[in-house]
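Below is one structure; the comments refer to it alone.
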Amino acid sequence: MVLLVMYLILTSILKLLLGDSIMNLFSSLSKMLYIKELIMKKYTFLIISGVLALILYACSKDSIYEADNSIKAVENLTLKCTGPNSVELEWKFPDNSQCSFRLDKKTNESDWVENYAELNGDMRNWTDTSVELDQILYYRLFTIYENNLSEEKVISFNNKIASPSGLTTIVLGESSIQLNWTDDTFDEAGTIIDRKESTDSLWKEVFTTPENIVTWLDINRSPGIFYSYRVKAYFKTYTSEYSNESQNSTTATSFIYVPSGTFTMGSNNNTDEQPAHQVTISRGFLIGKYEVTQKEWNDLMSGYTAHIEYPYGYGKFGTGDDYPIYFISWYSTLVYCNARSIAEGLAPCYSIKGSTDPSAWGLIPEGYDEDWESAVLNTDVNGYRLPTEAEWEYAARYGDNRIYPWGNDLPSAELANFGDNAGFTTPVGSYPLGNSKLGMCDMAGNVWEHCWDKADVYSADSVTDPTGSPEPSPFTYNARILRGGSWYHSHDKTTLRSCFRNITSSGMQSGGFRIVKLP
């Protein structure tokens, strides 16, 4: 009886799976069980095994056929670009090793190439490595079972280089505009940048980036002119469509943007410049286009320096609003930077005795002072400060590690104020032919420029954002760095080199300076 019940259940399952055509067979088989129950018991194991095999066959048959007995087609056919000359197709299909797949292909308006690829039934993806750019690709995929074809599944793809998108422009300083965009393709060789000026209606190709670059800095732009930009990707002779256009204009702020980057600092020539070593400036900064002028100094410092008597000779070597301030100490530059930051609503960079208010620091020392030597620098706030020695040299040599700010040509009277050229300081910006690559003026000659760092010997190790040693200088106890040469100290021209180092004590009235800040 148990065996009969089992067969009745199995018969019902088979009826659902295989239909009425197979029921007659199992109906007869059930009747035989009443008559030959004893005989059938001997073959119970074989019979059950056979029925289970039929069930498995039915399930397999069902995975191949649709309800209307047609061959089942693949599902979720997708296509993605995997390179300029390859695409990958993926699909879903029930697990079955008895079928196979036929792939046809055509391009643009051509005829179908049948049996472009024959694929095993266990495959669920396939890559075509014979595609070309600027083609519209079409694929159709069939299931094959017992020489019968399923319904086709068709997919197409326009194999063009994707255009960059989201182009924006940001003004940095008075002469730089930074472009940023989104790279929407991974197979470009680079990006072509076009620029158009408001004074000219013609687009001009101005730069080509390497692959996977999504930002570019346009330097030495003239304030007041509107610049329009557009970009497109390229690969070999193929190019994408242009991105959106973006327009911007700079204004005169007297600050130049210096992008982040890595350079070789120092040289292997003079002892004080050795060894040449790699330095990384990890974030861009703004640097004064000019040295701080006498007007900028006097307008701000009258409330802080009434007690200071300028040293002998001040005023005899160039006086006027646009002349650089000179014969000032490193200590006094800290007062100026914080005072200017506070006046403009910025966060001061320096603190002495726990205060960022220079009014609380007391009189500016005329000699060595332990409290002032212990001044703390915060480079993460937006106020004004002295450049570090590394920032100064990086800005002067930007882009190609040039010997002098203007390049590698030897100094001349047309490039800088040094030696006996003028015999005194000159108004800032008087030597435009000697400007640096980024547009800073007088980074060689005119006045020595204070930097933040204590004078120390270099290490051969690569460093990032160095600010000098916290320990006393090995040269003299409170030696600080001066850079750039001056009108009275550069007869041999070597001091005008951008890697040349000079020192002064913190309290000595010696050089001038320029300032930096975060964008």
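Labels for the structure tokens follow display order: chains A, B, ..., residues from 1 in each chain, ligands from 1.
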
Just the residues within 12 Å of Asp218 (chain A), please, counting only C-alpha atoms, with nothing from its chain fewer than 4 positions along; format it as a VMD selection string.
-> chain A and resid 169 to 180 193 to 195 206 to 207 222 227 to 229 248 to 250 256 to 259 438

Prev. selection, N, CA and C atoms, output as a PDB file, in the first residue's frame:
ATOM      1  N   THR A 169      35.349  76.139 -13.836  1.00  0.00           N
ATOM      2  CA  THR A 169      36.564  76.943 -13.727  1.00  0.00           C
ATOM      3  C   THR A 169      36.580  77.669 -12.389  1.00  0.00           C
ATOM      4  N   ILE A 170      37.767  77.772 -11.811  1.00  0.00           N
ATOM      5  CA  ILE A 170      37.958  78.452 -10.531  1.00  0.00           C
ATOM      6  C   ILE A 170      39.104  79.442 -10.683  1.00  0.00           C
ATOM      7  N   VAL A 171      38.898  80.670 -10.247  1.00  0.00           N
ATOM      8  CA  VAL A 171      39.950  81.684 -10.283  1.00  0.00           C
ATOM      9  C   VAL A 171      40.852  81.504  -9.067  1.00  0.00           C
ATOM     10  N   LEU A 172      42.156  81.439  -9.303  1.00  0.00           N
ATOM     11  CA  LEU A 172      43.141  81.305  -8.237  1.00  0.00           C
ATOM     12  C   LEU A 172      44.191  82.396  -8.416  1.00  0.00           C
ATOM     13  N   GLY A 173      44.185  83.360  -7.518  1.00  0.00           N
ATOM     14  CA  GLY A 173      45.105  84.470  -7.657  1.00  0.00           C
ATOM     15  C   GLY A 173      44.672  85.392  -8.783  1.00  0.00           C
ATOM     16  N   GLU A 174      45.585  86.286  -9.171  1.00  0.00           N
ATOM     17  CA  GLU A 174      45.214  87.273 -10.173  1.00  0.00           C
ATOM     18  C   GLU A 174      45.504  86.831 -11.598  1.00  0.00           C
ATOM     19  N   SER A 175      46.136  85.669 -11.770  1.00  0.00           N
ATOM     20  CA  SER A 175      46.530  85.297 -13.128  1.00  0.00           C
ATOM     21  C   SER A 175      46.323  83.831 -13.465  1.00  0.00           C
ATOM     22  N   SER A 176      45.638  83.086 -12.622  1.00  0.00           N
ATOM     23  CA  SER A 176      45.472  81.650 -12.861  1.00  0.00           C
ATOM     24  C   SER A 176      44.001  81.253 -12.810  1.00  0.00           C
ATOM     25  N   ILE A 177      43.611  80.381 -13.728  1.00  0.00           N
ATOM     26  CA  ILE A 177      42.265  79.804 -13.750  1.00  0.00           C
ATOM     27  C   ILE A 177      42.418  78.288 -13.797  1.00  0.00           C
ATOM     28  N   GLN A 178      41.833  77.623 -12.828  1.00  0.00           N
ATOM     29  CA  GLN A 178      41.915  76.161 -12.762  1.00  0.00           C
ATOM     30  C   GLN A 178      40.678  75.528 -13.373  1.00  0.00           C
ATOM     31  N   LEU A 179      40.897  74.576 -14.271  1.00  0.00           N
ATOM     32  CA  LEU A 179      39.806  73.820 -14.899  1.00  0.00           C
ATOM     33  C   LEU A 179      39.669  72.474 -14.200  1.00  0.00           C
ATOM     34  N   ASN A 180      38.430  72.037 -13.971  1.00  0.00           N
ATOM     35  CA  ASN A 180      38.138  70.709 -13.432  1.00  0.00           C
ATOM     36  C   ASN A 180      37.006  70.095 -14.245  1.00  0.00           C
ATOM     37  N   ILE A 193      42.360  70.717 -24.618  1.00  0.00           N
ATOM     38  CA  ILE A 193      41.753  71.897 -23.995  1.00  0.00           C
ATOM     39  C   ILE A 193      41.773  73.053 -24.983  1.00  0.00           C
ATOM     40  N   ASP A 194      40.616  73.645 -25.207  1.00  0.00           N
ATOM     41  CA  ASP A 194      40.478  74.825 -26.056  1.00  0.00           C
ATOM     42  C   ASP A 194      40.157  76.036 -25.194  1.00  0.00           C
ATOM     43  N   ARG A 195      40.650  77.202 -25.623  1.00  0.00           N
ATOM     44  CA  ARG A 195      40.369  78.452 -24.914  1.00  0.00           C
ATOM     45  C   ARG A 195      39.989  79.541 -25.907  1.00  0.00           C
ATOM     46  N   VAL A 206      44.975  74.968 -26.672  1.00  0.00           N
ATOM     47  CA  VAL A 206      46.061  75.518 -25.855  1.00  0.00           C
ATOM     48  C   VAL A 206      46.851  74.465 -25.096  1.00  0.00           C
ATOM     49  N   PHE A 207      46.279  73.279 -24.895  1.00  0.00           N
ATOM     50  CA  PHE A 207      47.006  72.277 -24.121  1.00  0.00           C
ATOM     51  C   PHE A 207      46.384  70.907 -24.341  1.00  0.00           C
ATOM     52  N   SER A 222      45.528  87.446 -18.088  1.00  0.00           N
ATOM     53  CA  SER A 222      45.462  88.890 -17.826  1.00  0.00           C
ATOM     54  C   SER A 222      44.175  89.232 -17.084  1.00  0.00           C
ATOM     55  N   TYR A 227      37.711  84.467 -20.107  1.00  0.00           N
ATOM     56  CA  TYR A 227      38.231  83.318 -20.836  1.00  0.00           C
ATOM     57  C   TYR A 227      37.194  82.202 -20.814  1.00  0.00           C
ATOM     58  N   SER A 228      36.929  81.651 -21.999  1.00  0.00           N
ATOM     59  CA  SER A 228      36.011  80.518 -22.125  1.00  0.00           C
ATOM     60  C   SER A 228      36.828  79.261 -22.420  1.00  0.00           C
ATOM     61  N   TYR A 229      36.356  78.134 -21.900  1.00  0.00           N
ATOM     62  CA  TYR A 229      37.077  76.874 -22.066  1.00  0.00           C
ATOM     63  C   TYR A 229      36.110  75.761 -22.462  1.00  0.00           C
ATOM     64  N   ASN A 248      35.351  82.303 -17.174  1.00  0.00           N
ATOM     65  CA  ASN A 248      35.748  82.985 -15.943  1.00  0.00           C
ATOM     66  C   ASN A 248      36.738  84.093 -16.258  1.00  0.00           C
ATOM     67  N   SER A 249      36.959  84.973 -15.276  1.00  0.00           N
ATOM     68  CA  SER A 249      37.879  86.092 -15.440  1.00  0.00           C
ATOM     69  C   SER A 249      38.604  86.338 -14.132  1.00  0.00           C
ATOM     70  N   THR A 250      39.884  86.697 -14.220  1.00  0.00           N
ATOM     71  CA  THR A 250      40.655  86.999 -13.027  1.00  0.00           C
ATOM     72  C   THR A 250      40.592  88.501 -12.730  1.00  0.00           C
ATOM     73  N   ILE A 256      49.712  85.358  -6.706  1.00  0.00           N
ATOM     74  CA  ILE A 256      49.848  84.347  -7.745  1.00  0.00           C
ATOM     75  C   ILE A 256      49.626  82.973  -7.112  1.00  0.00           C
ATOM     76  N   TYR A 257      48.851  82.138  -7.791  1.00  0.00           N
ATOM     77  CA  TYR A 257      48.608  80.786  -7.285  1.00  0.00           C
ATOM     78  C   TYR A 257      49.743  79.869  -7.703  1.00  0.00           C
ATOM     79  N   VAL A 258      50.247  79.091  -6.741  1.00  0.00           N
ATOM     80  CA  VAL A 258      51.299  78.100  -6.987  1.00  0.00           C
ATOM     81  C   VAL A 258      50.694  76.720  -6.744  1.00  0.00           C
ATOM     82  N   PRO A 259      50.549  75.891  -7.776  1.00  0.00           N
ATOM     83  CA  PRO A 259      49.943  74.568  -7.590  1.00  0.00           C
ATOM     84  C   PRO A 259      50.836  73.655  -6.758  1.00  0.00           C
ATOM     85  N   LEU A 438      55.554  81.651 -13.221  1.00  0.00           N
ATOM     86  CA  LEU A 438      54.191  81.908 -12.784  1.00  0.00           C
ATOM     87  C   LEU A 438      53.847  83.394 -12.743  1.00  0.00           C
TER      88      LEU A 438
END

Find the residues near Pro84 (chain A): any atom within 8 Å, counting only C-alpha atoms, skip ones fewer than 2 places away on the same chain, and give them as a PyMOL selection string.
-> chain A and resi 81-82+86+131-133+159+161+187

Produce a file of the selected residues containing N, CA and C atoms, as a PDB file, in the first residue's frame.
ATOM      1  N   CYS A  81      31.443  48.581 -22.480  1.00  0.00           N
ATOM      2  CA  CYS A  81      32.709  48.831 -23.157  1.00  0.00           C
ATOM      3  C   CYS A  81      33.843  48.504 -22.195  1.00  0.00           C
ATOM      4  N   THR A  82      34.807  47.716 -22.647  1.00  0.00           N
ATOM      5  CA  THR A  82      35.947  47.351 -21.819  1.00  0.00           C
ATOM      6  C   THR A  82      37.261  47.894 -22.375  1.00  0.00           C
ATOM      7  N   SER A  86      37.203  46.804 -27.533  1.00  0.00           N
ATOM      8  CA  SER A  86      36.575  45.618 -26.967  1.00  0.00           C
ATOM      9  C   SER A  86      35.300  45.973 -26.220  1.00  0.00           C
ATOM     10  N   VAL A 131      36.462  45.297 -32.255  1.00  0.00           N
ATOM     11  CA  VAL A 131      35.569  46.417 -32.531  1.00  0.00           C
ATOM     12  C   VAL A 131      36.407  47.660 -32.815  1.00  0.00           C
ATOM     13  N   GLU A 132      35.820  48.611 -33.492  1.00  0.00           N
ATOM     14  CA  GLU A 132      36.486  49.861 -33.831  1.00  0.00           C
ATOM     15  C   GLU A 132      35.693  51.026 -33.258  1.00  0.00           C
ATOM     16  N   LEU A 133      36.409  52.115 -33.000  1.00  0.00           N
ATOM     17  CA  LEU A 133      35.731  53.328 -32.556  1.00  0.00           C
ATOM     18  C   LEU A 133      34.891  53.921 -33.671  1.00  0.00           C
ATOM     19  N   ASN A 159      29.861  52.927 -30.199  1.00  0.00           N
ATOM     20  CA  ASN A 159      31.231  52.857 -29.684  1.00  0.00           C
ATOM     21  C   ASN A 159      32.007  54.141 -29.994  1.00  0.00           C
ATOM     22  N   ILE A 161      34.025  57.636 -28.202  1.00  0.00           N
ATOM     23  CA  ILE A 161      34.675  58.078 -26.965  1.00  0.00           C
ATOM     24  C   ILE A 161      33.713  58.992 -26.223  1.00  0.00           C
ATOM     25  N   ASP A 187      39.242  54.954 -21.696  1.00  0.00           N
ATOM     26  CA  ASP A 187      40.059  54.511 -22.815  1.00  0.00           C
ATOM     27  C   ASP A 187      40.639  55.659 -23.627  1.00  0.00           C
TER      28      ASP A 187
END

What's the 9 Å shell around Ser100 (chain A), counting only C-alpha atoms, without same-chain residues fewer than 6 positions away, as a list in words?
-> Glu118, Leu119, Asn120, Gly121, Asp122, Met123, Phe142, Thr143, Ile144 and Tyr145 of chain A

Mind the document's chain letters and residue numbers, and return as a ChimeraX atom specification the residues of region 231-438 of chain A that DSSP labels alpha helix (DSSP H).
-> /A:294-301,330-343,370-373,389-396

Requested write-out: N, CA and C atoms of the selected residues, as a compact mmCIF listing (two decimals), in the first residue's frame:
# COMPACT_ATOMS: atom_id res chain seq x y z
N GLN A 294 56.72 99.59 0.76
CA GLN A 294 56.82 100.52 1.89
C GLN A 294 55.44 101.07 2.28
N LYS A 295 54.58 101.29 1.30
CA LYS A 295 53.23 101.78 1.63
C LYS A 295 52.46 100.72 2.40
N GLU A 296 52.49 99.48 1.94
CA GLU A 296 51.79 98.40 2.64
C GLU A 296 52.32 98.27 4.07
N TRP A 297 53.60 98.39 4.23
CA TRP A 297 54.20 98.27 5.55
C TRP A 297 53.81 99.44 6.45
N ASN A 298 54.00 100.65 5.95
CA ASN A 298 53.78 101.83 6.79
C ASN A 298 52.31 102.03 7.15
N ASP A 299 51.40 101.73 6.20
CA ASP A 299 49.97 101.88 6.49
C ASP A 299 49.53 100.97 7.62
N LEU A 300 50.13 99.80 7.72
CA LEU A 300 49.67 98.80 8.69
C LEU A 300 50.47 98.84 9.99
N MET A 301 51.75 99.15 9.90
CA MET A 301 52.62 98.94 11.05
C MET A 301 52.80 100.16 11.93
N TRP A 330 63.39 89.64 10.98
CA TRP A 330 62.48 88.48 10.87
C TRP A 330 61.38 88.59 11.90
N TYR A 331 61.71 89.05 13.11
CA TYR A 331 60.69 89.22 14.15
C TYR A 331 59.57 90.14 13.68
N SER A 332 59.92 91.24 13.04
CA SER A 332 58.90 92.22 12.66
C SER A 332 58.00 91.72 11.54
N THR A 333 58.48 90.78 10.72
CA THR A 333 57.61 90.22 9.68
C THR A 333 56.46 89.43 10.29
N LEU A 334 56.70 88.79 11.44
CA LEU A 334 55.63 88.05 12.10
C LEU A 334 54.52 88.99 12.55
N VAL A 335 54.93 90.16 13.06
CA VAL A 335 53.95 91.17 13.48
C VAL A 335 53.13 91.63 12.28
N TYR A 336 53.80 91.93 11.18
CA TYR A 336 53.08 92.39 9.99
C TYR A 336 52.07 91.35 9.51
N CYS A 337 52.50 90.09 9.41
CA CYS A 337 51.61 89.04 8.88
C CYS A 337 50.36 88.90 9.75
N ASN A 338 50.52 88.83 11.05
CA ASN A 338 49.35 88.68 11.92
C ASN A 338 48.49 89.93 11.92
N ALA A 339 49.13 91.11 11.91
CA ALA A 339 48.36 92.35 11.90
C ALA A 339 47.53 92.47 10.63
N ARG A 340 48.11 92.09 9.49
CA ARG A 340 47.36 92.15 8.24
C ARG A 340 46.24 91.11 8.22
N SER A 341 46.50 89.94 8.74
CA SER A 341 45.46 88.91 8.81
C SER A 341 44.27 89.40 9.62
N ILE A 342 44.54 89.97 10.80
CA ILE A 342 43.46 90.46 11.66
C ILE A 342 42.71 91.60 10.98
N ALA A 343 43.44 92.50 10.31
CA ALA A 343 42.81 93.64 9.64
C ALA A 343 41.87 93.21 8.53
N GLU A 370 64.05 84.63 23.40
CA GLU A 370 63.63 83.24 23.50
C GLU A 370 62.15 83.08 23.16
N ASP A 371 61.29 83.97 23.66
CA ASP A 371 59.85 83.86 23.40
C ASP A 371 59.56 84.00 21.90
N TRP A 372 60.19 84.97 21.27
CA TRP A 372 59.93 85.19 19.84
C TRP A 372 60.54 84.07 19.00
N GLU A 373 61.65 83.51 19.44
CA GLU A 373 62.23 82.37 18.73
C GLU A 373 61.31 81.16 18.80
N GLU A 389 61.10 78.02 3.32
CA GLU A 389 62.20 78.03 2.35
C GLU A 389 61.86 77.15 1.15
N ALA A 390 61.23 76.00 1.40
CA ALA A 390 60.86 75.09 0.30
C ALA A 390 59.81 75.72 -0.60
N GLU A 391 58.81 76.37 -0.02
CA GLU A 391 57.78 77.03 -0.82
C GLU A 391 58.38 78.13 -1.69
N TRP A 392 59.31 78.90 -1.12
CA TRP A 392 59.93 79.99 -1.87
C TRP A 392 60.69 79.43 -3.08
N GLU A 393 61.53 78.43 -2.86
CA GLU A 393 62.32 77.88 -3.96
C GLU A 393 61.43 77.17 -4.98
N TYR A 394 60.41 76.47 -4.52
CA TYR A 394 59.49 75.79 -5.43
C TYR A 394 58.78 76.79 -6.33
N ALA A 395 58.32 77.91 -5.77
CA ALA A 395 57.65 78.93 -6.57
C ALA A 395 58.60 79.55 -7.58
N ALA A 396 59.84 79.81 -7.17
CA ALA A 396 60.81 80.44 -8.06
C ALA A 396 61.22 79.52 -9.20

Min atom-atom distance to Gly83 (chain A) from the set A:Ser130, A:Asn421, A:Thr199, A:Ser510, counting only C-alpha atoms, belongs to A:Ser130
